[in-house]
Each structure stands twice: as structure tokens, then as C-alpha cells.
Amino acid sequence: MQKIIDAHCHIYPDAIARKAVSAVDKFYDGLPEDHCDGTIASLLAVGSAAGIRHYIVHSVATKPEQVHSINAFIAGSAAASGGAFTGLGTLHPDSADQRGDFEALRALGLRGVKLHPDIQRFPVDDPRVMDIFALCEAAGLPVCVHTGDYRYDYSNPNRVVNVLRAFPKLKFIGAHLGGWSVWDAAARRLPDFPNMWVDTSSSFRWLTPQQSLDILRAYGSKRVMFGTDYPMWTPRPDIDRLLSLNLTDDEREDIFWRTCARLFEIEIQ
């Protein structure tokens with residue numbers, strides 16, 4: 001294995017990184033001891049040590065007024081990374097000027113959109129969010145969406161299917177293998193949609209090797225991307241878990257970097 005792209009990384013300005021990680025900790029009732037501090041320096045340190053060459057970076061606006069500052073931070077971080085980062089912007093369905101926010105995101109050179117229905121508190125098939133998906137579909141921008149949570153009904157498979165049906169040309173990435181904590185339900189309903197990609201972030205720790213393999217094969221390696229969910233985890237354990245599965249060399253290469261490189265048009269040496 002020569003290349004790895006981490007398709008799912010949250011980053012924050014140094015001044016607020018610890019506070020942001022603490023908020024995530026509270027939302028998920030406690031992070032493991034191996035979580036990171038949310039800074040760019042930490043991401044690059046743990047990623048480089050694990051052999052990761054490129055990172056898809058993003059953050060989430062919990063209020064509409066945060067959209068522009070977050071997008072400027074992500075775009076600036078990507079520009080300063082020397083080609084190591086591909087940045088995704090954030091949007092919020094309560095914005096008074098959704099199209100304006102979207103056009104500003106594109107003008108910054110951001111390569112997609114990240115949404116987190118469970119933290120941002122909206123159903124993924126809400127009409128306001130459908131407007132965002134329509135903009136992304138028309139522009140050909142991938143949208144990475146947190147999917148799944150047994151505690152809520154914002155982004156579970158019953159709602160995701162409505163998006164996939166409504167926007168068959170949308171490049172929809174379902175984070176956490178399409179449904180965090182509801183992986184089996186997601187794997188039964190979502191792989192049949194050809195516009196559905198997934199990443200592996202925050203999944204393997206809760207799945208048996210056979211469950212992991214079955215879910216990866218349900219989607220097919222050309223629609224699966226390796227992701228860590230930084231800063232929630234250090235990358236090495238998930239890399240080792242993926243390497244331990246009974247996958248072919250081609251499947252591993254797809255998942256570790258080729259699928260992500262194709263979707264986001266990334267060139268890495």
C-alpha cells in the first residue's frame with residue numbers, strides 16, 4: 001500500500017479547537033482516550049505517522065452566521081497546506097441567503113459541502129435542505145453528510161433514501177458507512193442507489209470483521225473511502241482494521257485512496 005487519503009477530517013482554528021472537541025465529546029457522551037486536539041498541526045502529525053498523504057477537511061456551522069467565517073478558515077487552511085488538503089464548505093438551512101452562501105463557498109475554491117443533520121438539528125430530507133442538494137447537484141459538487149444515529153431521526157436511512165431518489169445525479173457521501181450506529185439498516189437500503197458513496201469513519205470499532213466486510217462489499221470498493229473522523233480517533237487502528245479484512249489488493253487501493261481521488265479529482269504522488 002503506497003497511498004492513503006483521509007476522506008473525513010474536522011479541523012478548527014487553534015484558539016477554539018479544544019472547546020470544539022469538548023463539544024463533540026459531550027454530544028457523543030465521551031470520546032476515547034486516543035482522541036486528538038482538533039488542530040491542523042495535530043492532524044498532520046498523526047496522519048503523517050500513519051502514512052496518510054492527503055486529507056479532506058471541513059467543519060460544521062451550528063448557526064447560519066458561522067457559515068462565512070468557517071468557510072474562509074477551511075479555504076485558507078487548504079490554500080496554505082501545500083496541496084495536502086481538499087476543503088469542503090459548510091452551509092446552514094436557516095440561512096437567509098442560501099444561494100449567496102453557496103456561491104461564496106464556490107468562489108473560495110471549496111470542493112464540496114459538509115452537512116451534519118444531527119448536530120445542526122434538521123431532517124436531511126427537509127425542504128430547506130433539499131434546496132442545498134439541488135444547488136450541489138447542479139454544480140456537480142459532492143456533499144458529505146453525517147448519516148445515522150440511533151438516538152435521533154435526522155439522518156437515518158429512511159430519510160436518506162428520499163434525498164437519493166429526489167436527486168439521482170447528486171454525489172452524496174454518507175459518512176460512517178451510510179449510518180452511524182444503524183449500519184445494518186443502512187446497508188440494506190442504501191447501496192442500490194448508484195449516487196451513494198460512503199466513508200469508513202467512526203465505524204470499524206463497533207463492527208465485527210465480518211460485518212465490516214459485508215458492508216464494504218454491499219457498496220463496492222469504488223464507492224467506499226477511508227476516513228478517520230479526526231479528531232475523534234488516531235488513524236492507525238482503523239488502517240490496521242481495514243488491512244486485516246479479507247479484501248483484494250484492488251479493493252484496498254480503491255478504499256484507501258482511489259475512490260476519493262476520483263470523486264474529488266485529487267492527484268497525489
# chains A, B, ... in the order shown; residues from 1 in each chain; ligands from 1
>>> closest_atom_pairs(of="stretch 99-167 of chain A", to="stretch 49-66 of chain A", cutoff="7 Å", atoms="only C-alpha atoms", output="tab-separated table")
residue	atom	partner	partner_atom	distance
A:Lys114	CA	A:His58	CA	6.7
A:Leu115	CA	A:Val60	CA	6.6
A:His116	CA	A:Val60	CA	6.8
A:Gln120	CA	A:Thr62	CA	5.2
>>> residues_around(residues="A:Leu141", least_positions_apart="5", cutoff="10 Å", atoms="only C-alpha atoms", output="list in words")
Leu88, Arg106, Leu110, Arg111, Gly112, Val113, Phe133, Leu135, Cys136, Leu170, Lys171, Phe172, Leu263 and Phe264 of chain A
>>> write_last_selection(atoms="C-alpha atoms", output="PDB file, in the first residue's frame")
ATOM      1  CA  LEU A  88     -15.308  21.249   1.914  1.00  0.00           C
ATOM      2  CA  ARG A 106     -17.594  28.111  -4.623  1.00  0.00           C
ATOM      3  CA  LEU A 110     -14.038  24.770  -1.817  1.00  0.00           C
ATOM      4  CA  ARG A 111     -14.612  21.390  -3.457  1.00  0.00           C
ATOM      5  CA  GLY A 112     -17.843  20.228  -1.833  1.00  0.00           C
ATOM      6  CA  VAL A 113     -20.223  20.705   1.086  1.00  0.00           C
ATOM      7  CA  PHE A 133     -28.856  19.420  -2.510  1.00  0.00           C
ATOM      8  CA  LEU A 135     -27.525  23.513  -5.767  1.00  0.00           C
ATOM      9  CA  CYS A 136     -24.872  20.829  -5.228  1.00  0.00           C
ATOM     10  CA  LEU A 170     -26.175  14.205  -6.688  1.00  0.00           C
ATOM     11  CA  LYS A 171     -22.799  12.949  -5.453  1.00  0.00           C
ATOM     12  CA  PHE A 172     -23.980  12.024  -1.941  1.00  0.00           C
ATOM     13  CA  LEU A 263     -14.582  11.703  -6.697  1.00  0.00           C
ATOM     14  CA  PHE A 264     -12.717  14.878  -5.756  1.00  0.00           C
TER      15      PHE A 264
END
>>> residues_around(residues="A:Phe122", least_positions_apart="5", cutoff="10 Å", atoms="only C-alpha atoms", output="list in words")
His92, Pro93, Asp94, Leu115, His116, Pro117, Arg128, Val129, Asp153, Tyr154 and Ser155 of chain A
>>> write_last_selection(atoms="C-alpha atoms", output="short mmCIF file (atom, residue, chain, number, x, y, z; two decimals), in the first residue's frame")
data_model
loop_
_atom_site.label_atom_id
_atom_site.label_comp_id
_atom_site.auth_asym_id
_atom_site.auth_seq_id
_atom_site.Cartn_x
_atom_site.Cartn_y
_atom_site.Cartn_z
CA HIS A 92 -26.92 26.01 7.11
CA PRO A 93 -30.57 25.53 6.11
CA ASP A 94 -31.69 28.54 8.18
CA LEU A 115 -23.62 18.84 6.47
CA HIS A 116 -24.31 17.31 9.88
CA PRO A 117 -28.09 16.98 10.33
CA ARG A 128 -34.83 23.70 3.11
CA VAL A 129 -32.04 21.17 2.82
CA ASP A 153 -34.30 10.68 13.30
CA TYR A 154 -32.49 13.39 11.39
CA SER A 155 -30.27 11.37 9.05
#
>>> closest_residue(among="A:Ile11, A:Ala96, A:Leu43, A:Leu242", to="A:Gly76", atoms="only C-alpha atoms")
A:Ile11
>>> select_by_dssp(residues="stretch 2-244 of chain A", states="helix (DSSP H, G or I)", output="ChimeraX atom specification")
/A:17-27,40-49,64-79,98-107,117-120,127-139,157-166,183-189,204-206,209-219,221-223,236-244
>>> write_last_selection(atoms="C-alpha atoms", output="compact mmCIF listing (two decimals), in the first residue's frame")
# COMPACT_ATOMS: atom_id res chain seq x y z
CA ALA A 17 -10.02 23.70 18.84
CA ARG A 18 -10.13 22.30 22.39
CA LYS A 19 -13.54 23.87 23.02
CA ALA A 20 -14.88 22.39 19.76
CA VAL A 21 -13.56 18.91 20.59
CA SER A 22 -15.10 19.19 24.05
CA ALA A 23 -18.48 19.97 22.48
CA VAL A 24 -18.23 16.88 20.26
CA ASP A 25 -17.23 14.86 23.31
CA LYS A 26 -20.39 15.99 25.07
CA PHE A 27 -22.60 15.29 22.05
CA ILE A 40 -4.14 21.27 11.94
CA ALA A 41 -0.73 20.56 13.45
CA SER A 42 -2.07 17.52 15.27
CA LEU A 43 -3.86 16.24 12.16
CA LEU A 44 -0.68 16.42 10.12
CA ALA A 45 1.40 14.83 12.88
CA VAL A 46 -0.80 11.79 13.46
CA GLY A 47 -1.62 11.48 9.77
CA SER A 48 1.97 11.59 8.61
CA ALA A 49 2.94 8.99 11.22
CA PRO A 64 -26.14 30.44 9.95
CA GLU A 65 -23.91 33.35 10.96
CA GLN A 66 -20.93 30.97 11.28
CA VAL A 67 -21.01 29.88 7.64
CA HIS A 68 -18.76 32.57 6.13
CA SER A 69 -16.06 32.52 8.82
CA ILE A 70 -15.84 28.71 8.80
CA ASN A 71 -15.64 28.57 5.02
CA ALA A 72 -12.93 31.22 4.98
CA PHE A 73 -10.95 29.22 7.56
CA ILE A 74 -11.26 25.95 5.63
CA ALA A 75 -10.37 27.59 2.33
CA GLY A 76 -7.39 29.37 3.86
CA SER A 77 -6.20 26.17 5.50
CA ALA A 78 -6.42 24.29 2.21
CA ALA A 79 -4.54 27.04 0.37
CA GLN A 98 -28.69 30.08 0.74
CA ARG A 99 -27.70 30.68 -2.87
CA GLY A 100 -25.43 33.54 -1.87
CA ASP A 101 -23.70 31.35 0.72
CA PHE A 102 -23.30 28.62 -1.86
CA GLU A 103 -21.81 30.93 -4.48
CA ALA A 104 -19.43 32.38 -1.88
CA LEU A 105 -18.35 28.84 -0.98
CA ARG A 106 -17.59 28.11 -4.62
CA ALA A 107 -15.73 31.38 -5.06
CA PRO A 117 -28.09 16.98 10.33
CA ASP A 118 -27.82 15.60 13.87
CA ILE A 119 -25.65 18.43 15.20
CA GLN A 120 -27.24 21.12 13.03
CA PRO A 127 -37.37 21.05 2.02
CA ARG A 128 -34.83 23.70 3.11
CA VAL A 129 -32.04 21.17 2.82
CA MET A 130 -33.37 19.85 -0.46
CA ASP A 131 -32.59 23.33 -1.82
CA ILE A 132 -28.95 22.81 -0.82
CA PHE A 133 -28.86 19.42 -2.51
CA ALA A 134 -30.32 20.94 -5.66
CA LEU A 135 -27.53 23.51 -5.77
CA CYS A 136 -24.87 20.83 -5.23
CA GLU A 137 -26.33 18.54 -7.86
CA ALA A 138 -26.49 21.31 -10.45
CA ALA A 139 -22.88 22.33 -9.75
CA PRO A 157 -31.74 5.59 6.11
CA ASN A 158 -35.50 6.21 5.94
CA ARG A 159 -34.74 9.88 5.26
CA VAL A 160 -31.58 9.47 3.19
CA VAL A 161 -33.46 7.43 0.58
CA ASN A 162 -35.73 10.42 -0.05
CA VAL A 163 -32.71 12.55 -0.93
CA LEU A 164 -31.18 9.90 -3.18
CA ARG A 165 -34.44 9.44 -5.06
CA ALA A 166 -35.03 13.16 -5.47
CA TRP A 183 -25.07 0.28 9.89
CA ASP A 184 -27.07 -2.84 9.04
CA ALA A 185 -30.24 -0.87 8.27
CA ALA A 186 -28.24 1.44 6.02
CA ALA A 187 -26.58 -1.46 4.21
CA ARG A 188 -30.00 -2.97 3.48
CA ARG A 189 -31.48 0.19 1.94
CA PHE A 204 -14.95 -0.29 12.47
CA ARG A 205 -14.72 -0.07 16.28
CA TRP A 206 -18.36 -1.12 16.61
CA PRO A 209 -14.68 -8.00 10.85
CA GLN A 210 -17.40 -9.95 9.01
CA GLN A 211 -19.92 -7.11 9.39
CA SER A 212 -17.32 -4.66 8.11
CA LEU A 213 -16.51 -6.82 5.11
CA ASP A 214 -20.18 -7.41 4.27
CA ILE A 215 -20.99 -3.70 4.39
CA LEU A 216 -17.95 -2.72 2.30
CA ARG A 217 -18.87 -5.31 -0.30
CA ALA A 218 -22.52 -4.18 -0.31
CA TYR A 219 -21.44 -0.75 -1.55
CA SER A 221 -14.95 -0.59 -3.17
CA LYS A 222 -15.42 2.00 -5.92
CA ARG A 223 -17.94 3.79 -3.68
CA ARG A 236 -3.52 3.79 12.85
CA PRO A 237 -6.09 1.45 14.46
CA ASP A 238 -8.59 1.92 11.63
CA ILE A 239 -5.90 1.46 9.00
CA ASP A 240 -4.92 -1.82 10.66
CA ARG A 241 -8.56 -2.92 10.89
CA LEU A 242 -9.07 -2.30 7.20
CA LEU A 243 -5.84 -4.10 6.30
CA SER A 244 -6.94 -7.10 8.36
